Structure formats: structure tokens, C-alpha cells
Amino acid sequence: MQKITVETTPIEGQKPGTSGLRKKTPVLMGPHYLENFVQSIFTAIGGVAGKTLVLGGDGRYFNDRAAQVILRMAAAGGAARIIVGQGALLSTPAASNLIRKRGTDGGIILSASHNPGGPDEDFGVKFNTPNGGPAPEEVTNRIFEATRTIASYDILEAQDLDLSVPGEIKLGETVVEVVDPVADYAELMESLFDFDAIRRLIAGGFTLCFDAMHAVTGPYAKAILEGALGAPEGSVINALPSPDFGGGHPDPNPIWAKPLVDLVMGPEAPDFAAASDGDGDRNMILGRGIVVTPSDSLAVLAANAALAPGYARGLSGVARSMPTSRAVDRVAEALGIDCYETPTGWKFFGNLLDAGRATLCGEESAGTGSDHVREKDGLWAVLLWLNVLAGTRLSVADTMRAHWRAYGRNYYTRHDYEAVDKDKAEAMLEALRGRLEDLPGQSFAGRRIEMADEFAYDDPVDGARSTGQGIRIHFEGGARIVYRLSGTGTVGATLRVYLEDFVDDPARLELPVEEVLADVISAADEIAGIRARTGRSEPDVRT
Ligand code: G6P
Ligand code: ZN
């Protein structure tokens with residue numbers, strides 16, 4: 001096996017976004033594209049000689065090919081060991097767990113998360129650091145710098161490895177260790193949750209449906225929910241990972257998981273339903289007659305986490321991304337623990353988790369997790385919910401009712417305007433930015449603005465400052481609008497408008513969300529001039 005050095009030149013646009021480098025698959029499959037980026041990761045971490053890395057992905061189109069290239073490059077760089085999931089599969093939380101458990105120098109995850117997969121769809125490459133979390137900006141900036149100066153990369157000339165059976169294979173001097181992608185993760189879940197209590201709940205007739213959306217969580221959910229916890233076969237649906245996710249978007253929200261929403265609203269509704277995304281880090285929670293918003297889910301889990309053995313000692317603190325509703329803030333207040341507000345992006349939770357300041361964290365974008373790994377974790381959220389329900393024996397809907405009665409309800413929705421002209425979207429936010437000082441005191445749709453600013457975050461652990469993280473408008477009485485541009489879109493700009501209002505009147509806790517938020521929604525358009533400036537009269541997606 002021969003190591004070869006291939007000359008290359010920098011490729012424009014290899015700047016990692018909210019979650020690694022995401023591109024259309026044909027772009028990532030282009031000449032030298034993947035190789036340039038992977039070599040730049042290696043450069044940014046001081047080379048891979050003698051190092052151990054984890055490697056795996058969500059099984060989307062090009063996952064298998066990309067994994068073989070990365071293995072040959074890691075071997076050419078002199079890596080000591082690469083721990084790779086069988087079939088090059090690993091869910092994102094399982095990869096994070098392996099990085100931590102095996103004390104590796106980091107890992108590479110192949111995924112474009114909830115975005116569709118296929119020859120014309122999306123692909124992504126992400127580097128996670130030795131704490132198991134997505135690389136912080138300081139590292140992604142170094143990777144980006146390396147992509148701008150790269151002149152060559154090293155790769156081994158070798159046949160593809162057979163990754164279909166667990167065991168060790170030599171690739172040059174590097175040991176490639178193929179592992180069962182599920183085993184270590186399942187063991188971690190069993191250490192956190194009361195599997196006996198959940199088994200009893202299910203044995204007593206509690207029904208559940210988990211939609212793996214043809215993505216990576218299929219094998220995990222089968223092994224844990226149907227295997228270890230005894231849910232009847234068929235409780236996990238769409239369980240076989242497929243390279244194009246069965247032609248759909250593996251995005252667990254009311255739009256892309258509509259069949260699941262229809263199921264829980266219909267006569268055959270199970271007691272509990274859930275879905276996860278392409279790489280297994282997102283979650284959606286549903287119950288008979290109800291879809292739980294991610295922001296509410298975080299609040300409920302924080303309020304009840306102590307029912308699970310892994311959290312029985314209480315939470316050190318909680319954290320949420322800025323646009324996430326402030327429902328969890330009220331729980332933190334009641335528990336007397338800190339609540340941190342971070343920019344969008346799971347990586348911002350890393351320091352808080354590492355420093356033991358936060359135990360649970362979550363985002364409006366269907367991400368919930370804890371200090372057990374350094375990624376959000378879809379199945380973990382499902383298991384914590386099941387553990388809570390096994391303890392309270394309440395239905396999902398009654399759990400929410402009880403929660404709102406105790407803490408009040410943060411009605412919440414997000415409106416997305418997709419593939420908007422980038423210049424127009426930026427100009428709209430720029431114009432708004434220029435008016436922030438004048439807004440307090442003004443009223444829109446009958447709501448008076450109390451505060452308006454652009455969110456900036458000073459990391460309390462390392463002092464790093466992140467600016468330009470979204471425009472916030474706070475109204476008297478607790479309503480809020482947030483405007484920001486997505487950092488994960490692949491076409492044009494995606495404008496996200498996050499809308500929230502707080503209600504604690506016991507008579508108004510179960511109203512339709514769009515009705516309660518009607519004024520806030522009109523105010524959002526009036527304040528920023530969304531229709532006028534983007535030419536869009538309706539959002540593409542409402543979550
Ligand atoms: C990814 C990240 C999340 C983030 C989400 C939405 O899933 O891991 O941390 O909240 O994308 O990001 P966006 O920038 O598109 O709103
Ligand atoms: Zn994901």
C-alpha cells in the first residue's frame with residue numbers, strides 16, 4: 001500500500017456553518033472537494049499521526065464512499081486507530097459517546113442531519129473534538145483557514161475495506177476497528193434510565209410508535225425500544241436506514257412527520273409517539289391528541305428529570321438557545337438553578353456541559369440533550385420521556401396540562417421563509433438593526449415594545465464573544481419576536497421568525513397557538529416589513 005501526495009488548490013466556500021460543512025452532494029463529490037476539507041481538518045488539529053479518531057455517518061448517499069476516502073487519508077496521515085461504526089454507520093449522539101468513552105482525539109461525522117439525502121440532495125462533514133462535541137468556532141476557523149491555503153493532501157492507495165463485520169483491519173500502519181454502532185450507546189442509555197420501570201409501563205399495555213424516518217436511529221430504536229424494553233415488534237416504523245431516507249426529509253417536525261401527527265390525532269393513536277432525524281440527534285414528541293413543542297419538551301423534562309436515575313441528584317443548571325421559548329426559564333427559577341441563554345448551535349452548550357454548569361439543554365429546532373454526551377440526542381429524549389411517564393403514569397396531554405397549570409404556558413411558533421434572496425434578507429435585517437434603538441415604546445398590532453436588541457453571547461467559561469446572533473424584540477407582558485438567518489441552509493437565505501407569548505390565565509391555557517399569537521405574528525411583519533422586503537406573503541414552513 002502506497003502513500004501518495006496529491007497536489008490540489010484551495011476550493012472556495014469550504015467554511016463550516018452551524019454544524020460542519022453542508023453542501024449539495026454533487027458539490028461534495030466534486031474533484032478533491034472532500035479530500036481538501038478532510039486534509040484541512042487534519043491540519044487544523046495538528047495532524048493525525050499517532051491519533052485515534054471515531055468515524056461514522058447517517059448512511060445517506062455517499063456515506064460509504066466518503067468513509068473509505070477518509071480512512072485512506074487518516075491512514076496516510078499516520079493515524080494510530082480509527083474506530084468506525086459497522087457499515088460506516090453511527091448516529092451523531094453514538095459517535096459523541098464513542099469519542100468520550102474511548103478517550104479519542106475526536107471524530108468525523110458524515111451527515112446533513114435532517115436534510116434529504118441522495119445524489120442531488122445534501123451531504124455534510126463535521127469534526128467533533130475530544131470532548132465529543134462539535135468543534136467550537138476557534139477550531140472551525142482554523143479548518144477554514146487551512147482550506148484557503150491547502151496545496152496537497154495525502155492518501156493511501158488501497159482497496160476499499162470491508163466494514164460490514166465488527167473486528168480489526170490493518171490499513172497501512174493504522175488499525176481500523178469496526179464496532180457495533182448500537183452496543184455502547186444502548187449501554188449508556190441503560191445506565192441513565194430506569195429500564196425496569198419503562199418495561200413495566202409497556203408490559204402494562206402502554207403503546208408507542210417510534211418513526212425512524214428511514215434514517216440511522218432505526219437499528220438503535222429496534223434494539224432499545226423493541227429489544228431491551230419489550231415494545232411489540234412494529235412499534236418502530238421506517239426502521240431500515242436508506243441512502244435517500246425513502247425519498248423524504250428525515251426531519252421530525254409536523255410537516256415532514258405528518259403521518260405520525262395524523263396517527264396521534266386519529267382513532268388508532270398510541271399513548272406515545274416520537275420521531276428522530278437523519279443522524280439521530282433531533283426528536284419530536286407526541287401523545288394521543290397532542291404534539292409537544294421542543295421548547296415545552298425541554299421544560300417538562302427539566303421539571304421531571306429527577307424521576308430518572310441518571311438525574312436523580314438534580315440538575316446543576318439548564319441551558320437553551322436564545323430563540324427557544326422561555327418555558328424552561330420558569331422551571332429553572334422554581335428549581336432554584338441557573339438557566340443559560342446561548343446562541344443557536346449545539347456547540348455553544350459544550351463549555352457549559354464540560355464545566356458542569358448545565359445538565360440539560362435544548363433548542364427549539366427539535367434538539368434536547370444532557371451532559372451524557374456532547375450532542376443533542378433524539379432517542380435519549382424519547383427514553384427520558386418514557387421514564388417520566390413510567391413514574392407519573394400520566395398521559396402526554398395530561399403531563400402538558402399539569403405543566404402549564406404549574407408554570408404558565410409559553411405559546412410558541414416558528415415561521416420559516418426559505419430560499420429567500422440572500423441580499424434582500426440581509427438588507428431587511430440590516431434595516432431593522434438600524435432601528436433597534438427607536439423601537440422601545442412603539443406599538444405594533446396593539447403590542448408595546450419594551451426592549452429591542454441584537455443578541456451577543458459572552459461564554460461564561462472561556463470568555464469568547466459571539467455577536468450578531470439574532471434580533472430580539474421583547475413586548476410588555478412577555479411576548480417576544482426573534483429574527484435570524486439560518487446557518488444551515490444550502491440555498492439562498494432562510495429567514496426564521498420565532499414568535500412567543502406567555503399566558504398564565506388558567507382559562508387560556510389550551511387555545512390554538514396561531515390564535516393566541518395572531519397579534520405577535522402581525523407585529524412581526526409590520527416591524528420588519530417581511531412581505532414588502534422579501535416579496536413573500538406566507539412562510540414556507542410553520543413549526
Ligand atoms: C443544527 C444545529 C442546531 C441548530 C439547528 C438550526 O441542527 O445542530 O444546533 O439549532 O441546526 O440551525 P439554523 O441555523 O438552521 O437555525
Ligand atoms: Zn441531526
# chains A, B, ... in the order shown; residues from 1 in each chain; ligands from 1
call {"tool": "residues_near_ligand", "arguments": {"ligand": "ligand 1", "cutoff": "9 Å", "atoms": "only C-alpha atoms and all ligand atoms", "output": "number ranges by chain"}}
result
A: 17-20, 112-114, 134, 281-282, 321, 343-348, 362-367, 375-376, 484-489, 494-496
call {"tool": "residues_around", "arguments": {"residues": "region 388-392 of chain A", "least_positions_apart": "4", "cutoff": "12 Å", "atoms": "only C-alpha atoms", "output": "PDB file with N, CA and C atoms, in the first residue's frame"}}
result
ATOM      1  N   PHE A 193     -31.353   5.486  32.598  1.00  0.00           N
ATOM      2  CA  PHE A 193     -32.809   5.385  32.768  1.00  0.00           C
ATOM      3  C   PHE A 193     -33.220   4.109  33.483  1.00  0.00           C
ATOM      4  N   ASP A 194     -34.414   4.178  34.067  1.00  0.00           N
ATOM      5  CA  ASP A 194     -34.966   3.039  34.789  1.00  0.00           C
ATOM      6  C   ASP A 194     -35.660   2.120  33.781  1.00  0.00           C
ATOM      7  N   PHE A 195     -34.866   1.251  33.154  1.00  0.00           N
ATOM      8  CA  PHE A 195     -35.413   0.369  32.130  1.00  0.00           C
ATOM      9  C   PHE A 195     -36.495  -0.548  32.713  1.00  0.00           C
ATOM     10  N   ASP A 196     -36.348  -0.955  33.976  1.00  0.00           N
ATOM     11  CA  ASP A 196     -37.370  -1.837  34.566  1.00  0.00           C
ATOM     12  C   ASP A 196     -38.723  -1.132  34.613  1.00  0.00           C
ATOM     13  N   ALA A 197     -38.699   0.134  35.042  1.00  0.00           N
ATOM     14  CA  ALA A 197     -39.961   0.878  35.153  1.00  0.00           C
ATOM     15  C   ALA A 197     -40.590   1.054  33.771  1.00  0.00           C
ATOM     16  N   ILE A 198     -39.753   1.332  32.761  1.00  0.00           N
ATOM     17  CA  ILE A 198     -40.301   1.517  31.408  1.00  0.00           C
ATOM     18  C   ILE A 198     -40.835   0.186  30.873  1.00  0.00           C
ATOM     19  N   ARG A 199     -40.110  -0.892  31.170  1.00  0.00           N
ATOM     20  CA  ARG A 199     -40.573  -2.227  30.751  1.00  0.00           C
ATOM     21  C   ARG A 199     -41.939  -2.540  31.360  1.00  0.00           C
ATOM     22  N   ARG A 200     -42.094  -2.180  32.644  1.00  0.00           N
ATOM     23  CA  ARG A 200     -43.386  -2.447  33.314  1.00  0.00           C
ATOM     24  C   ARG A 200     -44.497  -1.618  32.683  1.00  0.00           C
ATOM     25  N   LEU A 201     -44.169  -0.358  32.373  1.00  0.00           N
ATOM     26  CA  LEU A 201     -45.159   0.519  31.739  1.00  0.00           C
ATOM     27  C   LEU A 201     -45.652  -0.116  30.441  1.00  0.00           C
ATOM     28  N   ILE A 202     -44.689  -0.552  29.628  1.00  0.00           N
ATOM     29  CA  ILE A 202     -45.034  -1.126  28.313  1.00  0.00           C
ATOM     30  C   ILE A 202     -45.759  -2.462  28.480  1.00  0.00           C
ATOM     31  N   ALA A 203     -45.294  -3.267  29.419  1.00  0.00           N
ATOM     32  CA  ALA A 203     -45.937  -4.568  29.648  1.00  0.00           C
ATOM     33  C   ALA A 203     -47.376  -4.380  30.113  1.00  0.00           C
ATOM     34  N   GLY A 204     -47.636  -3.237  30.745  1.00  0.00           N
ATOM     35  CA  GLY A 204     -48.989  -2.964  31.245  1.00  0.00           C
ATOM     36  C   GLY A 204     -49.938  -2.478  30.155  1.00  0.00           C
ATOM     37  N   GLY A 205     -49.454  -2.409  28.898  1.00  0.00           N
ATOM     38  CA  GLY A 205     -50.358  -2.057  27.803  1.00  0.00           C
ATOM     39  C   GLY A 205     -50.144  -0.666  27.217  1.00  0.00           C
ATOM     40  N   PHE A 206     -49.179   0.073  27.753  1.00  0.00           N
ATOM     41  CA  PHE A 206     -48.860   1.396  27.195  1.00  0.00           C
ATOM     42  C   PHE A 206     -48.310   1.200  25.781  1.00  0.00           C
ATOM     43  N   THR A 207     -48.907   1.920  24.809  1.00  0.00           N
ATOM     44  CA  THR A 207     -48.499   1.695  23.416  1.00  0.00           C
ATOM     45  C   THR A 207     -47.647   2.845  22.897  1.00  0.00           C
ATOM     46  N   LEU A 208     -46.706   2.524  22.013  1.00  0.00           N
ATOM     47  CA  LEU A 208     -45.855   3.567  21.460  1.00  0.00           C
ATOM     48  C   LEU A 208     -45.517   3.294  20.006  1.00  0.00           C
ATOM     49  N   ASP A 271     -50.325   5.617  22.895  1.00  0.00           N
ATOM     50  CA  ASP A 271     -50.172   6.510  24.052  1.00  0.00           C
ATOM     51  C   ASP A 271     -49.054   7.511  23.833  1.00  0.00           C
ATOM     52  N   PHE A 272     -48.039   7.075  23.090  1.00  0.00           N
ATOM     53  CA  PHE A 272     -46.834   7.903  22.941  1.00  0.00           C
ATOM     54  C   PHE A 272     -46.285   7.689  21.542  1.00  0.00           C
ATOM     55  N   GLY A 287     -48.187  12.717  21.802  1.00  0.00           N
ATOM     56  CA  GLY A 287     -49.006  11.810  22.607  1.00  0.00           C
ATOM     57  C   GLY A 287     -50.376  11.772  21.980  1.00  0.00           C
ATOM     58  N   SER A 297     -41.055  20.606  25.574  1.00  0.00           N
ATOM     59  CA  SER A 297     -40.474  19.324  25.950  1.00  0.00           C
ATOM     60  C   SER A 297     -39.276  19.546  26.873  1.00  0.00           C
ATOM     61  N   VAL A 300     -40.579  20.455  30.339  1.00  0.00           N
ATOM     62  CA  VAL A 300     -41.164  19.308  31.056  1.00  0.00           C
ATOM     63  C   VAL A 300     -40.065  18.356  31.524  1.00  0.00           C
ATOM     64  N   LEU A 301     -39.096  18.109  30.651  1.00  0.00           N
ATOM     65  CA  LEU A 301     -38.015  17.195  31.033  1.00  0.00           C
ATOM     66  C   LEU A 301     -37.202  17.778  32.187  1.00  0.00           C
ATOM     67  N   ALA A 302     -36.956  19.081  32.132  1.00  0.00           N
ATOM     68  CA  ALA A 302     -36.199  19.701  33.230  1.00  0.00           C
ATOM     69  C   ALA A 302     -36.972  19.573  34.538  1.00  0.00           C
ATOM     70  N   ALA A 303     -38.295  19.782  34.469  1.00  0.00           N
ATOM     71  CA  ALA A 303     -39.106  19.734  35.693  1.00  0.00           C
ATOM     72  C   ALA A 303     -39.174  18.329  36.285  1.00  0.00           C
ATOM     73  N   ASN A 304     -39.055  17.304  35.416  1.00  0.00           N
ATOM     74  CA  ASN A 304     -39.278  15.924  35.881  1.00  0.00           C
ATOM     75  C   ASN A 304     -38.066  15.004  35.800  1.00  0.00           C
ATOM     76  N   ALA A 305     -36.915  15.553  35.416  1.00  0.00           N
ATOM     77  CA  ALA A 305     -35.741  14.705  35.160  1.00  0.00           C
ATOM     78  C   ALA A 305     -35.370  13.840  36.353  1.00  0.00           C
ATOM     79  N   ALA A 306     -35.628  14.342  37.545  1.00  0.00           N
ATOM     80  CA  ALA A 306     -35.196  13.613  38.734  1.00  0.00           C
ATOM     81  C   ALA A 306     -35.852  12.231  38.847  1.00  0.00           C
ATOM     82  N   LEU A 307     -36.904  11.981  38.064  1.00  0.00           N
ATOM     83  CA  LEU A 307     -37.517  10.649  38.070  1.00  0.00           C
ATOM     84  C   LEU A 307     -36.603   9.601  37.435  1.00  0.00           C
ATOM     85  N   ALA A 308     -35.618  10.048  36.644  1.00  0.00           N
ATOM     86  CA  ALA A 308     -34.697   9.096  36.014  1.00  0.00           C
ATOM     87  C   ALA A 308     -33.443   8.958  36.880  1.00  0.00           C
ATOM     88  N   PRO A 309     -32.964   7.714  37.060  1.00  0.00           N
ATOM     89  CA  PRO A 309     -31.810   7.502  37.948  1.00  0.00           C
ATOM     90  C   PRO A 309     -30.598   8.386  37.599  1.00  0.00           C
ATOM     91  N   TYR A 311     -30.448  11.300  36.679  1.00  0.00           N
ATOM     92  CA  TYR A 311     -30.614  12.719  37.037  1.00  0.00           C
ATOM     93  C   TYR A 311     -31.240  12.868  38.417  1.00  0.00           C
ATOM     94  N   ALA A 312     -31.263  11.769  39.173  1.00  0.00           N
ATOM     95  CA  ALA A 312     -31.954  11.764  40.464  1.00  0.00           C
ATOM     96  C   ALA A 312     -31.338  12.759  41.447  1.00  0.00           C
ATOM     97  N   ALA A 381     -33.990  11.628  24.456  1.00  0.00           N
ATOM     98  CA  ALA A 381     -35.171  12.416  24.830  1.00  0.00           C
ATOM     99  C   ALA A 381     -36.403  11.511  24.918  1.00  0.00           C
ATOM    100  N   VAL A 382     -36.505  10.575  23.979  1.00  0.00           N
ATOM    101  CA  VAL A 382     -37.619   9.631  23.991  1.00  0.00           C
ATOM    102  C   VAL A 382     -37.593   8.801  25.284  1.00  0.00           C
ATOM    103  N   LEU A 383     -36.395   8.325  25.631  1.00  0.00           N
ATOM    104  CA  LEU A 383     -36.286   7.468  26.826  1.00  0.00           C
ATOM    105  C   LEU A 383     -36.534   8.258  28.108  1.00  0.00           C
ATOM    106  N   LEU A 384     -36.088   9.513  28.144  1.00  0.00           N
ATOM    107  CA  LEU A 384     -36.362  10.316  29.348  1.00  0.00           C
ATOM    108  C   LEU A 384     -37.869  10.560  29.473  1.00  0.00           C
ATOM    109  N   VAL A 396     -49.429  11.922  27.934  1.00  0.00           N
ATOM    110  CA  VAL A 396     -48.623  13.061  27.472  1.00  0.00           C
ATOM    111  C   VAL A 396     -49.442  14.351  27.580  1.00  0.00           C
ATOM    112  N   ALA A 397     -50.700  14.294  27.144  1.00  0.00           N
ATOM    113  CA  ALA A 397     -51.540  15.503  27.162  1.00  0.00           C
ATOM    114  C   ALA A 397     -51.740  15.992  28.600  1.00  0.00           C
ATOM    115  N   ASP A 398     -51.982  15.071  29.537  1.00  0.00           N
ATOM    116  CA  ASP A 398     -52.177  15.489  30.923  1.00  0.00           C
ATOM    117  C   ASP A 398     -50.879  16.009  31.536  1.00  0.00           C
ATOM    118  N   THR A 399     -49.754  15.469  31.072  1.00  0.00           N
ATOM    119  CA  THR A 399     -48.463  15.976  31.549  1.00  0.00           C
ATOM    120  C   THR A 399     -48.321  17.443  31.154  1.00  0.00           C
ATOM    121  N   MET A 400     -48.684  17.751  29.902  1.00  0.00           N
ATOM    122  CA  MET A 400     -48.575  19.136  29.447  1.00  0.00           C
ATOM    123  C   MET A 400     -49.548  20.038  30.204  1.00  0.00           C
ATOM    124  N   ALA A 402     -50.771  19.694  33.154  1.00  0.00           N
ATOM    125  CA  ALA A 402     -50.306  19.909  34.533  1.00  0.00           C
ATOM    126  C   ALA A 402     -49.132  20.893  34.534  1.00  0.00           C
TER     127      ALA A 402
END
call {"tool": "select_by_dssp", "arguments": {"residues": "region 22-160 of chain A", "states": "strand (DSSP E)", "output": "PyMOL selection string"}}
result
chain A and resi 22-24+52-57+81-89+107-110+122-128+152-157
call {"tool": "write_last_selection", "arguments": {"atoms": "C-alpha atoms", "output": "PDB file, in the first residue's frame"}}
result
ATOM      1  CA  ARG A  22     -23.014  21.095   4.409  1.00  0.00           C
ATOM      2  CA  LYS A  23     -23.292  21.089   0.640  1.00  0.00           C
ATOM      3  CA  LYS A  24     -25.261  19.554  -2.151  1.00  0.00           C
ATOM      4  CA  THR A  52      -7.280   7.863  17.400  1.00  0.00           C
ATOM      5  CA  LEU A  53     -10.460   9.085  15.740  1.00  0.00           C
ATOM      6  CA  VAL A  54     -14.065   7.933  15.545  1.00  0.00           C
ATOM      7  CA  LEU A  55     -15.748   7.800  12.126  1.00  0.00           C
ATOM      8  CA  GLY A  56     -19.326   7.181  11.079  1.00  0.00           C
ATOM      9  CA  GLY A  57     -22.370   8.713   9.480  1.00  0.00           C
ATOM     10  CA  ARG A  81      -6.559   3.839  15.163  1.00  0.00           C
ATOM     11  CA  ILE A  82      -9.888   4.695  13.581  1.00  0.00           C
ATOM     12  CA  ILE A  83     -12.984   3.420  15.346  1.00  0.00           C
ATOM     13  CA  VAL A  84     -15.682   3.131  12.711  1.00  0.00           C
ATOM     14  CA  GLY A  85     -19.303   2.051  13.058  1.00  0.00           C
ATOM     15  CA  GLN A  86     -20.230  -1.153  11.232  1.00  0.00           C
ATOM     16  CA  GLY A  87     -21.277  -0.251   7.675  1.00  0.00           C
ATOM     17  CA  ALA A  88     -19.781   3.230   8.366  1.00  0.00           C
ATOM     18  CA  LEU A  89     -22.940   3.976  10.386  1.00  0.00           C
ATOM     19  CA  GLY A 107     -14.172  12.161  15.352  1.00  0.00           C
ATOM     20  CA  ILE A 108     -15.619  12.808  11.930  1.00  0.00           C
ATOM     21  CA  ILE A 109     -19.366  12.533  11.399  1.00  0.00           C
ATOM     22  CA  LEU A 110     -20.853  12.272   7.914  1.00  0.00           C
ATOM     23  CA  ASP A 122     -27.438  17.114   0.780  1.00  0.00           C
ATOM     24  CA  PHE A 123     -24.274  15.795   2.379  1.00  0.00           C
ATOM     25  CA  GLY A 124     -22.121  17.040   5.226  1.00  0.00           C
ATOM     26  CA  VAL A 125     -18.865  16.517   7.093  1.00  0.00           C
ATOM     27  CA  LYS A 126     -18.391  17.579  10.680  1.00  0.00           C
ATOM     28  CA  PHE A 127     -15.453  17.354  13.067  1.00  0.00           C
ATOM     29  CA  ASN A 128     -16.061  16.762  16.774  1.00  0.00           C
ATOM     30  CA  SER A 152      -1.755  18.978  -1.334  1.00  0.00           C
ATOM     31  CA  TYR A 153      -3.266  16.065   0.561  1.00  0.00           C
ATOM     32  CA  ASP A 154      -2.021  12.604   1.425  1.00  0.00           C
ATOM     33  CA  ILE A 155      -3.936   9.427   0.718  1.00  0.00           C
ATOM     34  CA  LEU A 156      -3.142   5.741   0.720  1.00  0.00           C
ATOM     35  CA  GLU A 157      -3.607   3.797  -2.476  1.00  0.00           C
TER      36      GLU A 157
END
call {"tool": "closest_residue", "arguments": {"among": "A:Asn131, A:Thr174, A:Thr368, A:Gln39", "to": "ligand 2", "atoms": "only C-alpha atoms and all ligand atoms"}}
result
A:Thr368
call {"tool": "atom_distance", "arguments": {"atom1": "CA of Val69 (chain A)", "atom2": "CA of Pro93 (chain A)"}}
result
22.8 Å
call {"tool": "closest_residue", "arguments": {"among": "A:Phe475, A:Tyr417, A:Tyr185, A:Phe210", "to": "Pro232 (chain A)", "atoms": "only C-alpha atoms"}}
result
A:Phe210
call {"tool": "closest_residue", "arguments": {"among": "A:Ala524, A:Leu161, A:Leu192, A:Leu90", "to": "ligand 2", "atoms": "only C-alpha atoms and all ligand atoms"}}
result
A:Leu90
call {"tool": "select_by_dssp", "arguments": {"residues": "region 320-468 of chain A", "states": "alpha helix (DSSP H)", "output": "ChimeraX atom specification"}}
result
/A:327-335,350-354,378-392,396-407,422-435
call {"tool": "closest_residue", "arguments": {"among": "A:Ser40, A:Gly77, A:Gly50, A:Asp458", "to": "Thr5 (chain A)", "atoms": "only C-alpha atoms"}}
result
A:Gly77
call {"tool": "residues_around", "arguments": {"residues": "Val491 (chain A)", "least_positions_apart": "3", "cutoff": "9 Å", "atoms": "only C-alpha atoms", "output": "list in words"}}
result
Glu418, Ala419, Val420, Lys422 and Thr494 of chain A
call {"tool": "write_last_selection", "arguments": {"atoms": "N, CA and C atoms", "output": "CSV table (one decimal), in the first residue's frame"}}
result
chain,number,residue,atom,x,y,z
A,418,GLU,N,-38.1,30.2,3.2
A,418,GLU,CA,-36.9,29.5,2.7
A,418,GLU,C,-36.5,30.0,1.3
A,419,ALA,N,-35.2,29.8,1.0
A,419,ALA,CA,-34.7,30.2,-0.3
A,419,ALA,C,-35.0,31.6,-0.7
A,420,VAL,N,-34.9,32.5,0.3
A,420,VAL,CA,-35.2,33.9,0.1
A,420,VAL,C,-33.9,34.5,-0.5
A,422,LYS,N,-30.7,36.2,-0.8
A,422,LYS,CA,-29.8,36.5,0.3
A,422,LYS,C,-29.6,38.0,0.6
A,494,THR,N,-32.4,31.4,4.5
A,494,THR,CA,-33.7,31.1,5.2
A,494,THR,C,-33.9,32.0,6.4
call {"tool": "closest_residue", "arguments": {"among": "A:Val179, A:Leu379, A:Ile471, A:Val513", "to": "ligand 2", "atoms": "only C-alpha atoms and all ligand atoms"}}
result
A:Leu379
call {"tool": "closest_residue", "arguments": {"among": "A:Asp277, A:Asp505, A:Asp423, A:Glu333", "to": "ligand 2", "atoms": "only C-alpha atoms and all ligand atoms"}}
result
A:Asp277
call {"tool": "residues_around", "arguments": {"residues": "Ala456 (chain A)", "least_positions_apart": "6", "cutoff": "10 Å", "atoms": "only C-alpha atoms", "output": "number ranges by chain"}}
result
A: 322, 342-343, 465-471
call {"tool": "residues_around", "arguments": {"residues": "Ala518 (chain A)", "least_positions_apart": "3", "cutoff": "12 Å", "atoms": "only C-alpha atoms", "output": "VMD selection string"}}
result
chain A and resid 411 to 413 444 to 447 479 499 to 501 511 to 515 521 to 525
call {"tool": "atom_distance", "arguments": {"atom1": "CA of Asp377 (chain A)", "atom2": "CA of Ala299 (chain A)"}}
result
15.9 Å
call {"tool": "residues_around", "arguments": {"residues": "Glu12 (chain A)", "least_positions_apart": "2", "cutoff": "8 Å", "atoms": "only C-alpha atoms", "output": "ChimeraX atom specification"}}
result
/A:10,14,148
call {"tool": "atom_distance", "arguments": {"atom1": "CA of Glu190 (chain A)", "atom2": "CA of Trp385 (chain A)"}}
result
14.2 Å
